[in-house]
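**Student:** Provided herewith is a single structure, encoded as structure tokens, for subsequent inquiry.
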Amino acid sequence: MTKHGAGVLYVVATPIGNLEDLSPRAQRVMAAVQLIAAEDTRHTRALLAHFGLRTPLLALHDHNEAECTPRVLARLLAGESVALVSDAGTPLISDPGFNLVRAARTTGVTVSPIPGPSALIAALSVSGLPTERFVFEGFLPTRSAARRARLTELAAEARTLVFYEAVHRVQESLADMAQTLGAERAAVIARELTKVHETVSSGTLSELATRLAADAAAPKGEAVVLVAGAVQAQSRGADIEAQRVLRILLAELPVKQAAELAARIGGGRKNRLYATALEIAGRK
Ligand code: SAM
């Protein structure tokens, strides 16, 4: 039940790079509220200045959220409305705000989302990896032993895995992923999304690790790492094996016979193998 006379806590998504991604509704709400609780007030002040807004700011970050929450809650209960923002993307998604949102909801204050950018969804939407089911893992542990232990727990996960990673740790993490999840797993690195140097690279984990090492001089940026789920990885492995068999058979046999024989050897679907055989034969 909504608390009578209380204000509204708006959870406002802000750009992950391109300022044009701040929605008109987000701008309107940030102009209208009495207070903006921001992860970094300097960062948000610059955003507000860009849009000509002068709403008062209050710092609410990982280190002061516990003590700040009762103060913000008191203002909400007194009838003021508050916008919660983080430095980039959607608050609470690997960002501060959980305590405040939970306290507001528990107290009966209305919490309303102003949806918009999030690196997780932006990266997933362009990755080309299956999106109907996925697991958001946020940041992996920073120490390699703990990171590898977590990755090992995830090795059999069938859904697409999505990780956030700090700029300077992408390379080490990729190496650990290749080791624990398999060097041949399909993966994607989405960097600097919505910014000038936006890049989305696909390949196996080992290909991406090699490419990144060779590209050491290139400007580094924030990245989302996405990895195909285990079953998808297995079926990719099966595809690679079927292609290997087809290549051998096609050296001796016509396409139709090669596909039939490959289906008998590997148990794959004849139609699919025939299509792959045609593709391979065409490439020769
Ligand atoms: N709350 C944010 C969101 O909704 O996306 C995420 C905040 S988290 C502290 C920061 C991480 O998000 C970065 O380390 C990176 O993994 C990812 N990220 C943020 N902006 C990005 C961008 N423009 N391109 C790629 N990844 C980004």
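Here, A, B, ... name the chains of the structure tokens in the order displayed, residue numbers run from 1 inside each chain, and ligands are numbered from 1 in the same displayed order.
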Pull the closest atom pair for each residue of chain A that gets at most 7 Å from ligand 1, along with the distance in Å to one decimal, counting only C-alpha atoms and all ligand atoms, ordering rows by chain and then ascending residue number, as a tab-separated table.
**Tutor:**
residue	atom	partner	partner_atom_place_in_ligand_line	distance
A:Ile16	CA	ligand 1	23 (N)	4.6
A:Gly17	CA	ligand 1	23 (N)	5.1
A:Ser86	CA	ligand 1	1 (N)	6.7
A:Ala88	CA	ligand 1	2 (C)	5.3
A:Gly89	CA	ligand 1	4 (O)	3.6
A:Thr90	CA	ligand 1	4 (O)	3.8
A:Pro91	CA	ligand 1	1 (N)	5.1
A:Leu92	CA	ligand 1	1 (N)	6.3
A:Ile93	CA	ligand 1	1 (N)	4.4
A:Ser94	CA	ligand 1	8 (S)	5.0
A:Asp95	CA	ligand 1	1 (N)	5.1
A:Pro117	CA	ligand 1	4 (O)	6.4
A:Ser118	CA	ligand 1	4 (O)	3.5
A:Ala119	CA	ligand 1	5 (O)	3.6
A:Leu120	CA	ligand 1	5 (O)	5.5
A:Phe163	CA	ligand 1	16 (O)	6.9
A:Tyr164	CA	ligand 1	16 (O)	3.4
A:Glu165	CA	ligand 1	16 (O)	4.2
A:Ala166	CA	ligand 1	14 (O)	4.4
A:Val167	CA	ligand 1	14 (O)	6.5
A:Ala190	CA	ligand 1	25 (C)	5.6
A:Arg191	CA	ligand 1	25 (C)	4.4
A:Glu192	CA	ligand 1	24 (N)	3.7
A:Leu193	CA	ligand 1	24 (N)	3.7
A:Thr194	CA	ligand 1	23 (N)	5.9
A:Lys195	CA	ligand 1	23 (N)	6.4
A:Glu222	CA	ligand 1	26 (N)	4.5
A:Ala223	CA	ligand 1	26 (N)	3.8
A:Val224	CA	ligand 1	16 (O)	4.5
**Student:** Save the residues we just selected, N, CA, C and O atoms, as a short mmCIF file (atom, residue, chain, number, x, y, z; two decimals), in the first residue's frame?
**Tutor:**
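What follows is the written file again09.cif:
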data_model
loop_
_atom_site.label_atom_id
_atom_site.label_comp_id
_atom_site.auth_asym_id
_atom_site.auth_seq_id
_atom_site.Cartn_x
_atom_site.Cartn_y
_atom_site.Cartn_z
N ILE A 16 25.01 5.32 -20.84
CA ILE A 16 26.26 4.57 -20.61
C ILE A 16 27.37 5.13 -21.50
O ILE A 16 28.42 4.54 -21.63
N GLY A 17 27.15 6.25 -22.10
CA GLY A 17 28.16 6.87 -22.95
C GLY A 17 27.55 8.04 -23.70
O GLY A 17 27.91 9.20 -23.47
N SER A 86 22.79 6.43 -10.93
CA SER A 86 24.18 6.02 -10.74
C SER A 86 25.02 6.73 -11.80
O SER A 86 24.50 7.54 -12.57
N ALA A 88 26.34 5.56 -14.52
CA ALA A 88 25.97 5.18 -15.88
C ALA A 88 25.01 4.01 -15.84
O ALA A 88 25.14 3.12 -15.02
N GLY A 89 24.03 4.04 -16.73
CA GLY A 89 23.12 2.91 -16.85
C GLY A 89 22.05 2.89 -15.77
O GLY A 89 21.68 3.93 -15.22
N THR A 90 21.60 1.71 -15.45
CA THR A 90 20.48 1.55 -14.53
C THR A 90 20.99 1.35 -13.10
O THR A 90 21.80 0.45 -12.86
N PRO A 91 20.53 2.19 -12.15
CA PRO A 91 20.95 2.01 -10.76
C PRO A 91 20.61 0.59 -10.27
O PRO A 91 19.69 -0.05 -10.79
N LEU A 92 21.38 0.11 -9.29
CA LEU A 92 21.22 -1.22 -8.68
C LEU A 92 21.77 -2.36 -9.53
O LEU A 92 21.93 -3.48 -9.05
N ILE A 93 21.99 -2.12 -10.83
CA ILE A 93 22.56 -3.18 -11.66
C ILE A 93 24.08 -3.03 -11.55
O ILE A 93 24.68 -2.19 -12.24
N SER A 94 24.67 -3.78 -10.61
CA SER A 94 26.08 -3.63 -10.23
C SER A 94 26.37 -2.18 -9.85
O SER A 94 27.44 -1.65 -10.14
N ASP A 95 25.43 -1.54 -9.24
CA ASP A 95 25.54 -0.15 -8.81
C ASP A 95 24.77 0.03 -7.50
O ASP A 95 23.91 -0.80 -7.17
N PRO A 117 19.05 3.07 -20.51
CA PRO A 117 20.23 2.27 -20.83
C PRO A 117 20.69 1.35 -19.71
O PRO A 117 20.56 1.68 -18.53
N SER A 118 21.19 0.19 -20.11
CA SER A 118 21.95 -0.68 -19.22
C SER A 118 22.92 -1.45 -20.13
O SER A 118 22.51 -2.00 -21.16
N ALA A 119 24.20 -1.46 -19.73
CA ALA A 119 25.22 -2.10 -20.58
C ALA A 119 24.89 -3.58 -20.80
O ALA A 119 25.15 -4.13 -21.87
N LEU A 120 24.33 -4.21 -19.78
CA LEU A 120 23.97 -5.62 -19.87
C LEU A 120 23.04 -5.89 -21.06
O LEU A 120 23.32 -6.74 -21.91
N PHE A 163 28.90 -11.04 -18.20
CA PHE A 163 29.77 -10.52 -17.13
C PHE A 163 30.07 -9.05 -17.36
O PHE A 163 30.28 -8.63 -18.51
N TYR A 164 30.16 -8.28 -16.28
CA TYR A 164 30.75 -6.96 -16.37
C TYR A 164 32.23 -7.14 -16.03
O TYR A 164 32.59 -8.02 -15.25
N GLU A 165 33.08 -6.28 -16.61
CA GLU A 165 34.49 -6.39 -16.26
C GLU A 165 35.15 -5.03 -16.25
O GLU A 165 34.79 -4.15 -17.02
N ALA A 166 36.07 -4.88 -15.30
CA ALA A 166 36.81 -3.63 -15.22
C ALA A 166 37.78 -3.57 -16.39
O ALA A 166 38.30 -4.61 -16.83
N VAL A 167 38.01 -2.35 -16.87
CA VAL A 167 38.82 -2.12 -18.06
C VAL A 167 40.14 -2.91 -18.05
O VAL A 167 40.49 -3.58 -19.01
N ALA A 190 31.86 -6.72 -25.77
CA ALA A 190 31.20 -5.47 -26.21
C ALA A 190 31.83 -4.32 -25.43
O ALA A 190 31.69 -4.23 -24.22
N ARG A 191 32.56 -3.47 -26.17
CA ARG A 191 33.32 -2.38 -25.52
C ARG A 191 32.76 -1.02 -25.88
O ARG A 191 32.32 -0.81 -27.01
N GLU A 192 32.87 -0.12 -24.94
CA GLU A 192 32.59 1.30 -25.21
C GLU A 192 31.26 1.50 -25.93
O GLU A 192 31.16 2.33 -26.84
N LEU A 193 30.25 0.75 -25.51
CA LEU A 193 28.95 0.83 -26.19
C LEU A 193 28.40 2.25 -26.15
O LEU A 193 28.52 2.94 -25.13
N THR A 194 27.85 2.65 -27.26
CA THR A 194 27.25 3.98 -27.49
C THR A 194 28.29 5.10 -27.55
O THR A 194 27.93 6.27 -27.68
N LYS A 195 29.59 4.75 -27.45
CA LYS A 195 30.63 5.78 -27.52
C LYS A 195 31.30 5.75 -28.89
O LYS A 195 31.04 4.86 -29.70
N GLU A 222 35.41 0.39 -21.20
CA GLU A 222 34.55 -0.48 -20.41
C GLU A 222 34.02 -1.60 -21.29
O GLU A 222 33.73 -1.40 -22.46
N ALA A 223 33.87 -2.78 -20.68
CA ALA A 223 33.47 -3.92 -21.51
C ALA A 223 32.49 -4.84 -20.80
O ALA A 223 32.52 -5.00 -19.59
N VAL A 224 31.62 -5.42 -21.62
CA VAL A 224 30.76 -6.51 -21.18
C VAL A 224 31.27 -7.76 -21.91
O VAL A 224 31.52 -7.70 -23.11
#
**Student:** I need the residues in stretch 7-112 of chain A that are helix (DSSP H, G or I) according to DSSP; give them as a compact mmCIF listing (two decimals) with C-alpha atoms, in the first residue's frame.
**Tutor:**
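What landed in result_26.txt:
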# COMPACT_ATOMS: atom_id res chain seq x y z
CA LEU A 19 24.17 11.61 -23.67
CA GLU A 20 21.40 11.49 -26.26
CA ASP A 21 20.28 8.30 -24.54
CA PRO A 24 12.89 13.03 -22.23
CA ARG A 25 10.99 11.40 -19.34
CA ALA A 26 14.21 10.98 -17.32
CA GLN A 27 15.02 14.66 -17.94
CA ARG A 28 11.53 15.72 -16.87
CA VAL A 29 11.66 13.64 -13.69
CA MET A 30 15.16 14.85 -12.78
CA ALA A 31 13.97 18.45 -13.22
CA ALA A 32 10.81 17.92 -11.15
CA THR A 41 27.64 14.03 -7.47
CA ARG A 42 30.38 15.51 -9.71
CA HIS A 43 29.54 13.08 -12.47
CA THR A 44 25.80 13.71 -12.22
CA ARG A 45 26.30 17.48 -11.91
CA ALA A 46 28.01 17.40 -15.31
CA LEU A 47 25.08 15.44 -16.75
CA LEU A 48 22.58 17.89 -15.27
CA ALA A 49 24.57 20.87 -16.56
CA HIS A 50 24.46 19.39 -20.07
CA GLU A 65 24.33 4.04 1.52
CA ALA A 66 23.55 2.53 4.93
CA GLU A 67 23.70 5.89 6.73
CA CYS A 68 22.17 7.85 3.86
CA THR A 69 19.12 5.65 3.41
CA PRO A 70 17.23 6.83 6.55
CA ARG A 71 17.84 10.48 5.59
CA VAL A 72 16.49 10.00 2.07
CA LEU A 73 13.61 7.93 3.41
CA ALA A 74 12.69 10.69 5.87
CA ARG A 75 12.49 13.19 3.02
CA LEU A 76 10.34 10.80 0.95
CA LEU A 77 8.00 10.26 3.90
CA PHE A 98 19.56 -1.61 -3.21
CA ASN A 99 19.24 -0.56 0.45
CA LEU A 100 17.31 2.56 -0.41
CA VAL A 101 14.90 0.81 -2.79
CA ARG A 102 14.26 -1.97 -0.30
CA ALA A 103 13.75 0.45 2.58
CA ALA A 104 11.38 2.58 0.49
CA ARG A 105 9.30 -0.41 -0.56
CA THR A 106 9.23 -1.82 2.97
CA THR A 107 8.02 1.54 4.28
**Student:** Using the chain letters and numbers from this document, which residues of stretch 30-63 of chain A does DSSP assign to strand (DSSP E or B), as a list in words?
**Tutor:**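 So, restricting stretch 30-63 of chain A to strand (DSSP E or B), we get Leu35, Ile36, Ala37, Ala38, Leu57, Leu58 and Ala59 of chain A.
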**Student:** What lies within 10 Å of A:Arg148 using only C-alpha atoms, ignoring chain neighbours under 4 positions off, as a VMD selection string?
**Tutor:** chain A and resid 140 to 141 143 to 144 152 to 154 173 175 to 177 179 to 181
**Student:** Deliver the residues from the most recent selection as a file, using C-alpha atoms, as a short mmCIF file (atom, residue, chain, number, x, y, z; two decimals), in the first residue's frame.
**Tutor:**
data_model
loop_
_atom_site.label_atom_id
_atom_site.label_comp_id
_atom_site.auth_asym_id
_atom_site.auth_seq_id
_atom_site.Cartn_x
_atom_site.Cartn_y
_atom_site.Cartn_z
CA LEU A 140 33.66 -11.79 -11.26
CA PRO A 141 35.94 -11.88 -8.20
CA ARG A 143 41.52 -12.45 -7.50
CA SER A 144 42.31 -15.11 -10.06
CA THR A 152 34.20 -23.53 -12.70
CA GLU A 153 30.83 -23.43 -10.91
CA LEU A 154 29.37 -21.88 -14.07
CA SER A 173 39.43 -12.77 -17.07
CA ALA A 175 42.35 -16.20 -20.00
CA ASP A 176 40.62 -17.69 -16.94
CA MET A 177 37.40 -18.18 -18.90
CA GLN A 179 40.85 -22.25 -19.11
CA THR A 180 37.72 -23.06 -17.11
CA LEU A 181 34.91 -22.88 -19.69
#
**Student:** Pick out the residues sitting within 9 Å of A:Ser112, and hand them over as a list in words; count only C-alpha atoms, and ignore anything fewer than 5 positions along from it in its own chain.
**Tutor:**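 Residues meeting the cut-off are Val8, Leu9, Tyr10, Val11 and Val12 of chain A.
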**Student:** Quick one, how far is atom CA of A:Ala178 from atom CA of A:Leu246?
**Tutor:**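 Atom CA of A:Ala178 sits 27.4 Å away from atom CA of A:Leu246.
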**Student:** Could you please determine the separation between atom CA of A:Glu172 and atom CA of A:Asp239 in Å, to one decimal place?
**Tutor:**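 A separation of 28.7 Å between them.
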**Student:** Rounded to one decimal place, report the atom CA of A:Val200-atom CA of A:Gln243 distance in Å.
**Tutor:**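 Atom-to-atom, atom CA of A:Val200 and atom CA of A:Gln243 are spaced 26.7 Å apart.
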**Student:** Under the rule that only C-alpha atoms are counted, which of A:Ala145, A:Ile265, A:Val196, A:Ala259 is the nearest residue to A:Asn18?
**Tutor:** A:Val196
**Student:** From the options A:Pro130, A:Gly282, A:Gly267, A:Pro254, which residue's atoms come nearest to A:Val227, counting only C-alpha atoms?
**Tutor:** A:Pro130
**Student:** Determine the nearest neighbour of A:Leu249 from the options A:Ala209, A:Leu151, A:Val135, A:Ala262, counting only C-alpha atoms.
**Tutor:** A:Ala262
**Student:** Under the rule that only C-alpha atoms are counted, which of A:Ala213, A:Ala155, A:Leu226, A:Ala59 is the nearest residue to A:Gly128?
**Tutor:**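 Of A:Ala213, A:Ala155, A:Leu226, A:Ala59, the one nearest A:Gly128, counting only C-alpha atoms, is A:Leu226.
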**Student:** Given only C-alpha atoms as the basis, pick out the residue of A:Ala281, A:Ala83, A:Leu212, A:Leu161 nearest to A:Val231.
**Tutor:**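 Using only C-alpha atoms, A:Val231 sits closest to A:Leu161.
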